[in-house]
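The structure file run-v7.cif is reproduced below (mmCIF, C-alpha atoms and all ligand atoms).
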data_model
loop_
_atom_site.label_atom_id
_atom_site.label_comp_id
_atom_site.auth_asym_id
_atom_site.auth_seq_id
_atom_site.Cartn_x
_atom_site.Cartn_y
_atom_site.Cartn_z
CA MET A 1 -6.75 5.09 18.95
CA ALA A 2 -6.01 2.17 16.62
CA ASN A 3 -6.00 2.61 12.89
CA THR A 4 -8.35 -0.18 11.81
CA ILE A 5 -7.78 -1.77 8.41
CA ALA A 6 -9.97 -4.42 6.78
CA ILE A 7 -8.12 -6.70 4.36
CA LEU A 8 -10.85 -7.36 1.88
CA ASN A 9 -11.58 -9.03 -1.42
CA PHE A 10 -14.66 -11.15 -2.16
CA LYS A 11 -12.46 -13.46 -4.21
CA GLY A 12 -10.62 -16.30 -2.46
CA GLY A 13 -6.90 -16.96 -2.50
CA VAL A 14 -5.73 -13.44 -3.37
CA GLY A 15 -3.44 -12.98 -0.35
CA LYS A 16 -5.77 -11.50 2.30
CA THR A 17 -4.55 -13.73 5.13
CA THR A 18 -0.93 -13.59 3.98
CA THR A 19 -1.16 -9.80 4.02
CA ALA A 20 -3.01 -9.58 7.35
CA VAL A 21 -0.50 -11.63 9.34
CA ASN A 22 2.68 -10.46 7.62
CA LEU A 23 1.75 -6.78 7.57
CA ALA A 24 0.88 -7.02 11.28
CA ASP A 25 4.19 -8.73 12.10
CA ALA A 26 6.09 -6.18 10.00
CA LEU A 27 4.41 -3.28 11.84
CA ARG A 28 5.10 -4.98 15.19
CA GLY A 29 8.81 -5.11 14.33
CA TYR A 30 8.72 -1.36 13.76
CA GLY A 31 7.39 -0.94 17.29
CA LYS A 32 3.67 -0.66 16.47
CA THR A 33 1.23 -2.66 18.58
CA CYS A 34 -1.12 -4.74 16.43
CA LEU A 35 -4.22 -6.85 16.82
CA VAL A 36 -5.24 -9.24 14.03
CA ILE A 37 -8.91 -10.28 14.00
CA ASP A 38 -9.76 -13.40 12.04
CA LEU A 39 -13.35 -13.41 10.73
CA ASP A 40 -12.97 -16.30 8.29
CA SER A 41 -14.34 -19.78 8.98
CA GLN A 42 -11.23 -21.24 7.29
CA CYS A 43 -9.28 -19.83 10.28
CA SER A 44 -6.11 -19.35 8.22
CA SER A 45 -4.71 -16.44 10.22
CA THR A 46 -5.70 -18.18 13.48
CA ILE A 47 -3.74 -21.26 12.43
CA ILE A 48 -0.66 -19.14 11.67
CA LEU A 49 -0.81 -16.94 14.79
CA ASP A 50 -1.92 -19.62 17.27
CA SER A 51 1.45 -21.31 16.97
CA GLU A 52 1.25 -22.61 20.55
CA LYS A 53 -2.22 -24.12 19.86
CA GLU A 54 -3.67 -22.36 22.89
CA VAL A 55 -7.07 -21.48 21.44
CA GLU A 56 -10.06 -23.61 22.45
CA SER A 57 -13.36 -23.43 20.58
CA THR A 58 -14.79 -21.48 23.54
CA ASP A 59 -12.21 -18.73 22.95
CA THR A 60 -13.17 -17.64 19.45
CA ILE A 61 -14.95 -14.64 17.98
CA TYR A 62 -17.97 -16.84 17.25
CA GLU A 63 -18.42 -17.43 21.00
CA SER A 64 -18.18 -13.69 21.66
CA MET A 65 -20.77 -12.89 18.97
CA LYS A 66 -23.24 -15.70 19.35
CA ASP A 67 -25.36 -14.22 22.14
CA LYS A 68 -27.18 -10.90 21.91
CA THR A 69 -25.34 -9.75 25.03
CA LEU A 70 -21.99 -9.70 23.30
CA ALA A 71 -19.10 -11.14 25.29
CA PRO A 72 -15.75 -9.28 25.29
CA LEU A 73 -13.26 -10.22 22.57
CA CYS A 74 -11.03 -13.10 23.61
CA ILE A 75 -7.54 -11.81 22.84
CA PHE A 76 -4.43 -13.98 22.61
CA GLU A 77 -0.80 -12.93 22.39
CA HIS A 78 1.21 -14.26 19.47
CA SER A 79 4.33 -12.33 20.41
CA LYS A 80 5.01 -9.10 22.27
CA GLY A 81 3.19 -6.40 20.32
CA LEU A 82 1.18 -8.79 18.15
CA ASP A 83 -2.14 -10.08 19.50
CA PHE A 84 -4.93 -11.92 17.72
CA VAL A 85 -8.59 -12.85 17.98
CA ALA A 86 -9.27 -16.37 16.77
CA SER A 87 -11.97 -17.59 14.43
CA ASP A 88 -13.56 -21.01 14.26
CA LYS A 89 -15.33 -22.99 11.58
CA ARG A 90 -18.77 -22.08 12.96
CA MET A 91 -18.18 -18.58 11.55
CA GLY A 92 -19.38 -20.18 8.30
CA ASP A 93 -22.89 -20.17 9.84
CA ILE A 94 -22.74 -16.69 11.33
CA ASP A 95 -25.00 -15.08 8.70
CA GLU A 96 -27.85 -17.48 9.58
CA LEU A 97 -27.24 -17.00 13.30
CA LEU A 98 -27.55 -13.24 12.96
CA VAL A 99 -30.74 -13.21 10.86
CA GLY A 100 -33.13 -10.81 12.56
CA ARG A 101 -30.51 -9.49 15.05
CA SER A 102 -30.84 -5.71 15.23
CA SER A 103 -27.79 -3.61 14.24
CA LYS A 104 -26.07 -6.77 13.09
CA GLU A 105 -23.70 -4.75 10.87
CA HIS A 106 -22.31 -3.00 13.97
CA ILE A 107 -21.45 -6.03 16.11
CA LEU A 108 -17.70 -5.99 15.39
CA GLU A 109 -17.49 -2.20 15.78
CA ARG A 110 -19.04 -2.50 19.25
CA MET A 111 -16.71 -5.34 20.21
CA ILE A 112 -13.58 -3.51 19.07
CA LYS A 113 -14.43 -0.24 20.79
CA PRO A 114 -13.17 -1.16 24.30
CA VAL A 115 -9.73 -2.21 22.97
CA LYS A 116 -9.18 0.48 20.33
CA ASP A 117 -6.91 2.54 22.56
CA GLU A 118 -4.65 -0.41 23.27
CA TYR A 119 -3.30 -0.80 19.74
CA ASP A 120 -1.71 1.23 16.97
CA TYR A 121 -3.27 -1.04 14.32
CA ILE A 122 -6.20 -3.44 14.20
CA ILE A 123 -6.05 -5.58 11.07
CA ILE A 124 -9.12 -7.57 10.08
CA ASP A 125 -8.77 -10.69 7.92
CA CYS A 126 -12.06 -10.95 6.03
CA PRO A 127 -13.71 -14.07 4.59
CA PRO A 128 -13.90 -14.32 0.77
CA ASN A 129 -17.56 -13.35 0.53
CA ARG A 130 -20.01 -10.47 0.80
CA GLY A 131 -21.64 -11.77 3.97
CA VAL A 132 -22.48 -10.02 7.21
CA MET A 133 -18.93 -10.33 8.56
CA THR A 134 -17.42 -8.52 5.59
CA ILE A 135 -19.94 -5.71 6.09
CA ASN A 136 -19.09 -5.70 9.83
CA ALA A 137 -15.41 -5.35 8.93
CA MET A 138 -16.17 -2.36 6.65
CA VAL A 139 -18.32 -0.72 9.32
CA ALA A 140 -15.67 -1.23 12.03
CA SER A 141 -12.72 -0.03 9.92
CA ASP A 142 -11.15 3.28 9.00
CA SER A 143 -10.07 1.90 5.64
CA VAL A 144 -9.87 -1.15 3.42
CA LEU A 145 -6.79 -2.67 1.85
CA ILE A 146 -7.64 -4.70 -1.25
CA PRO A 147 -5.14 -7.38 -2.25
CA ILE A 148 -5.24 -8.19 -5.96
CA ASP A 149 -3.77 -11.39 -7.36
CA SER A 150 -1.44 -10.21 -10.14
CA LYS A 151 -1.98 -13.43 -12.07
CA PHE A 152 -5.68 -12.98 -12.54
CA MET A 153 -7.55 -10.08 -14.07
CA SER A 154 -11.03 -9.59 -12.64
CA LEU A 155 -12.26 -6.08 -13.29
CA ASP A 156 -15.76 -7.33 -12.70
CA GLY A 157 -14.73 -8.53 -9.25
CA LEU A 158 -13.11 -5.16 -8.57
CA ASN A 159 -16.26 -3.30 -9.52
CA GLN A 160 -18.24 -5.44 -7.09
CA ILE A 161 -15.86 -4.48 -4.28
CA THR A 162 -15.83 -0.76 -5.02
CA GLU A 163 -19.63 -0.75 -5.39
CA LYS A 164 -20.00 -2.41 -1.98
CA ILE A 165 -17.60 0.11 -0.43
CA SER A 166 -19.66 2.97 -1.94
CA GLU A 167 -22.84 1.42 -0.57
CA VAL A 168 -21.35 1.31 2.94
CA LYS A 169 -20.00 4.87 2.62
CA ASN A 170 -23.27 6.26 1.30
CA ASP A 171 -25.28 4.83 4.17
CA GLU A 172 -25.13 7.15 7.16
CA PHE A 173 -25.99 4.22 9.43
CA LEU A 174 -23.03 2.20 8.17
CA ASN A 175 -19.67 3.98 7.66
CA PRO A 176 -19.59 7.28 5.72
CA SER A 177 -15.92 7.83 6.59
CA LEU A 178 -14.66 4.51 5.19
CA LYS A 179 -11.69 4.98 2.85
CA ILE A 180 -9.85 2.83 0.36
CA LEU A 181 -6.32 2.60 1.78
CA GLY A 182 -5.13 1.07 -1.46
CA PHE A 183 -4.99 -1.81 -3.90
CA LEU A 184 -2.08 -4.16 -3.25
CA LEU A 185 -0.67 -6.31 -6.02
CA THR A 186 0.19 -9.73 -4.62
CA ARG A 187 2.02 -12.74 -6.10
CA TYR A 188 3.60 -10.28 -8.51
CA ASN A 189 5.97 -11.66 -11.13
CA GLN A 190 7.36 -8.87 -13.27
CA ASN A 191 8.32 -11.36 -15.99
CA LEU A 192 4.71 -12.27 -16.62
CA ARG A 193 2.71 -10.22 -19.07
CA ILE A 194 -0.48 -10.77 -17.08
CA ALA A 195 1.11 -9.04 -14.07
CA LYS A 196 1.77 -5.91 -16.12
CA ASP A 197 -1.70 -6.08 -17.66
CA VAL A 198 -3.33 -6.31 -14.22
CA TYR A 199 -1.20 -3.37 -13.01
CA ASN A 200 -2.06 -1.24 -16.07
CA ALA A 201 -5.78 -2.02 -15.78
CA LEU A 202 -5.74 -1.03 -12.10
CA GLN A 203 -3.71 2.07 -12.82
CA SER A 204 -6.14 3.30 -15.44
CA LYS A 205 -9.18 2.68 -13.24
CA PHE A 206 -7.83 3.72 -9.84
CA PRO A 207 -4.87 6.04 -10.43
CA SER A 208 -3.05 6.97 -7.22
CA GLN A 209 -4.82 4.27 -5.22
CA ILE A 210 -2.32 1.48 -5.86
CA PHE A 211 0.40 0.87 -3.27
CA ASN A 212 3.93 1.53 -4.53
CA THR A 213 4.86 -1.75 -2.85
CA LYS A 214 4.14 -4.89 -4.84
CA ILE A 215 4.30 -8.25 -3.07
CA ARG A 216 6.36 -10.52 -5.25
CA GLU A 217 5.57 -14.19 -5.82
CA ASN A 218 7.85 -15.91 -3.33
CA THR A 219 8.09 -19.58 -2.37
CA LYS A 220 9.03 -18.75 1.22
CA VAL A 221 5.79 -16.79 1.61
CA SER A 222 3.76 -19.81 0.51
CA GLU A 223 5.73 -22.13 2.83
CA ALA A 224 5.37 -20.11 6.04
CA PRO A 225 1.72 -21.01 6.90
CA GLY A 226 2.64 -24.72 6.78
CA TYR A 227 5.01 -24.04 9.69
CA ARG A 228 2.38 -21.91 11.46
CA CYS A 229 4.53 -18.85 11.23
CA THR A 230 4.76 -15.43 9.64
CA ILE A 231 7.31 -14.76 6.93
CA PHE A 232 9.55 -13.04 9.49
CA GLU A 233 9.63 -16.16 11.66
CA HIS A 234 10.19 -18.39 8.63
CA ASP A 235 12.79 -16.46 6.63
CA PRO A 236 13.26 -12.80 7.56
CA SER A 237 15.73 -12.18 4.75
CA CYS A 238 13.63 -13.39 1.80
CA ALA A 239 12.05 -11.18 -0.85
CA GLY A 240 8.58 -11.69 0.67
CA ALA A 241 9.76 -10.38 4.05
CA GLU A 242 11.38 -7.40 2.31
CA ASP A 243 8.12 -6.62 0.48
CA TYR A 244 5.97 -6.77 3.61
CA LEU A 245 8.46 -4.50 5.44
CA GLN A 246 8.19 -2.03 2.58
CA LEU A 247 4.38 -2.21 2.76
CA ALA A 248 4.49 -1.59 6.53
CA ARG A 249 6.70 1.47 5.97
CA GLU A 250 4.38 2.74 3.25
CA ILE A 251 1.29 2.33 5.46
CA GLY A 252 2.90 3.44 8.71
CA GLY A 253 4.80 6.40 7.26
CA ILE A 254 8.00 4.77 8.54
CA LYS A 255 11.32 6.00 7.13
CA PRO A 256 13.55 3.52 5.24
CA GLY A 257 16.50 2.59 7.43
CA THR A 258 14.34 2.53 10.60
CA LYS A 259 15.44 -0.30 12.87
CA TRP A 260 13.23 -3.40 12.77
CA LYS A 261 13.26 -6.17 15.34
N1 LIG A 301 3.51 -13.48 -2.41
C1 LIG A 301 3.18 -14.76 -2.43
N2 LIG A 301 4.00 -15.68 -2.99
C2 LIG A 301 3.68 -16.99 -3.02
N3 LIG A 301 2.55 -17.50 -2.51
C3 LIG A 301 1.68 -16.66 -1.95
C4 LIG A 301 1.92 -15.24 -1.89
N4 LIG A 301 0.87 -14.66 -1.27
C5 LIG A 301 0.00 -15.64 -0.99
N5 LIG A 301 0.47 -16.84 -1.37
C6 LIG A 301 -0.19 -18.15 -1.23
O1 LIG A 301 -1.42 -18.09 -1.94
C7 LIG A 301 -2.43 -18.83 -1.25
C8 LIG A 301 -3.60 -17.90 -0.95
O2 LIG A 301 -3.16 -16.87 -0.07
P1 LIG A 301 -4.05 -16.43 1.17
O3 LIG A 301 -4.46 -17.59 1.99
O4 LIG A 301 -3.33 -15.33 1.86
O5 LIG A 301 -5.30 -15.85 0.38
P2 LIG A 301 -6.72 -15.41 0.95
O6 LIG A 301 -7.18 -14.30 0.08
O7 LIG A 301 -6.65 -15.17 2.40
O8 LIG A 301 -7.57 -16.71 0.67
P3 LIG A 301 -9.06 -17.04 1.24
O9 LIG A 301 -9.98 -16.11 0.54
O10 LIG A 301 -9.29 -18.47 0.88
O11 LIG A 301 -9.02 -16.78 2.72
C9 LIG A 301 -1.76 -19.38 0.01
O12 LIG A 301 -1.34 -20.69 -0.23
C10 LIG A 301 -0.56 -18.46 0.21
O13 LIG A 301 0.49 -19.09 0.91
MG MG A 302 -7.73 -15.98 4.00
#
This structure in structure tokens:
Amino acid sequence: MANTIAILNFKGGVGKTTTAVNLADALRGYGKTCLVIDLDSQCSSTIILDSEKEVESTDTIYESMKDKTLAPLCIFEHSKGLDFVASDKRMGDIDELLVGRSSKEHILERMIKPVKDEYDYIIIDCPPNRGVMTINAMVASDSVLIPIDSKFMSLDGLNQITEKISEVKNDEFLNPSLKILGFLLTRYNQNLRIAKDVYNALQSKFPSQIFNTKIRENTKVSEAPGYRCTIFEHDPSCAGAEDYLQLAREIGGIKPGTKWK
């Protein structure tokens, strides 16, 4: 049964997509089968993982969700062990489409159910908002991973996320067993005072819930999407690749020194 992780932050540009695709590729290299589900109308993880440009607009999650009789997920293979479900720009209108649909918070959970046994990890790349898809991701997941941009302190934003998680947990019809997997510092530059301030603020508010791994600011990481590839396809020896391998080991309980390919 797949461990399902929602990569979530209501704020844009904090490293959700970067973490979704690179964590999945890191876990794949350690022999774990992964499915990435893109829920964002910007389609950033679709663009990276659909490197062969195979996906047509009829193959996206929007198509599967649009009718009340849900169609099965349309799953593509990026590489052996790493599959993905594509998004399309119409996902920007999904909240309006689902107005009045019963159990609309459970759509993704129902769609994932038939494939849960086929993967070790299902990683959901959420849109940067509090819309119906983000709630669907929280309902369908075992836990949430919250990337935090180390260059920007937003305790207010953090409170909004943890309040929403509590709301979902406290509702027996949503997901009482939802957990916070951890807060992940991204774009971390240890020479910047703001990075240390963000870390200290997180540490005092959520002790023991911050990943030991910090994802360093790394030019190669920012370049990779432009080539439609993960960091491991772009430069497997850079600091960004090293950090995402460490994160995969931390999440997967994988021993350092384990072979990766
Ligand atoms: N460790 C890093 N080093 C350098 N650049 C990074 C790093 N992580 C992310 N970026 C860059 O920061 C930008 C935002 O990252 P990303 O797209 O992953 O954020 P996001 O939270 O998914 O954004 P959105 O909410 O818009 O979907 C991208 O250009 C990405 O390449
Ligand atoms: Mg994104």
Q: Can you pull out every residue within 12 Å of Leu245 of chain A, counting all atoms listed in the file, but drop anything in the same chain fewer than 5 positions away, and send it as a VMD selection string?
A: chain A and resid 19 22 to 30 213 to 215 231 to 232 236 to 240 250 to 261
Q.
Could you list the protein, DNA and RNA residues that have any atom within 12 Å of ligand MG 302 (chain A), counting only C-alpha atoms and all ligand atoms, and write them as a PyMOL selection string?
A. chain A and resi 7-21+37-48+87+124-129+147+225
Q | Selection as a list in words: residues within 10 Å of (-27.4, -10.6, 21.8), counting all atoms listed in the file | A |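 Output of the proximity query reads Ser64, Met65, Lys66, Asp67, Lys68, Thr69, Leu70, Ala71, Leu98, Arg101, Ser102, Lys104 and Ile107 of chain A.
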**Q.** Residue with smallest distance to Glu163 of chain A - pool A:Leu185, A:His234, A:Arg130, A:Val221, counting all atoms listed in the file
**A.**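 Looking at the shortest contact to Glu163 of chain A, the residue is A:Arg130.
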Q: Report the distance between atom C1 of ligand LIG 301 (chain A) and atom CA of Ile122 of chain A in Å, rounded to one decimal place.
A: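 Those two atoms sit 22.2 Å apart.
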Q: Counting only C-alpha atoms and all ligand atoms, figure out which residue out of A:His106, A:Arg228, A:Arg187, A:Lys220 gets nearest to ligand LIG 301 (chain A).
A: A:Arg187
Q: Please provide as a list in words all residues within 12 Å of Asn159 of chain A, with the sequence filter that same-chain residues fewer than 5 positions apart are discarded (counting all atoms listed in the file).
A: Asn9, Phe10, Met153, Ser154, Lys164, Ile165, Ser166, Leu202, Lys205 and Phe206 of chain A
**Q.** Distance in Å - atom C10 of ligand LIG 301 (chain A) versus atom CA of Phe183 of chain A
**A.** 17.7 Å
Q) Smallest atom-to-atom distance to Arg90 of chain A: which of A:Ile61, A:Leu155, A:Leu247, A:Ala2, using only C-alpha atoms? A)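 Closest to Arg90 of chain A of all the choices is A:Ile61.
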Q) Which distance in Å separates atom CA of Pro176 of chain A and atom CA of Phe211 of chain A, to one decimal? A)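 Separation of atom CA of Pro176 of chain A and atom CA of Phe211 of chain A: 22.8 Å.
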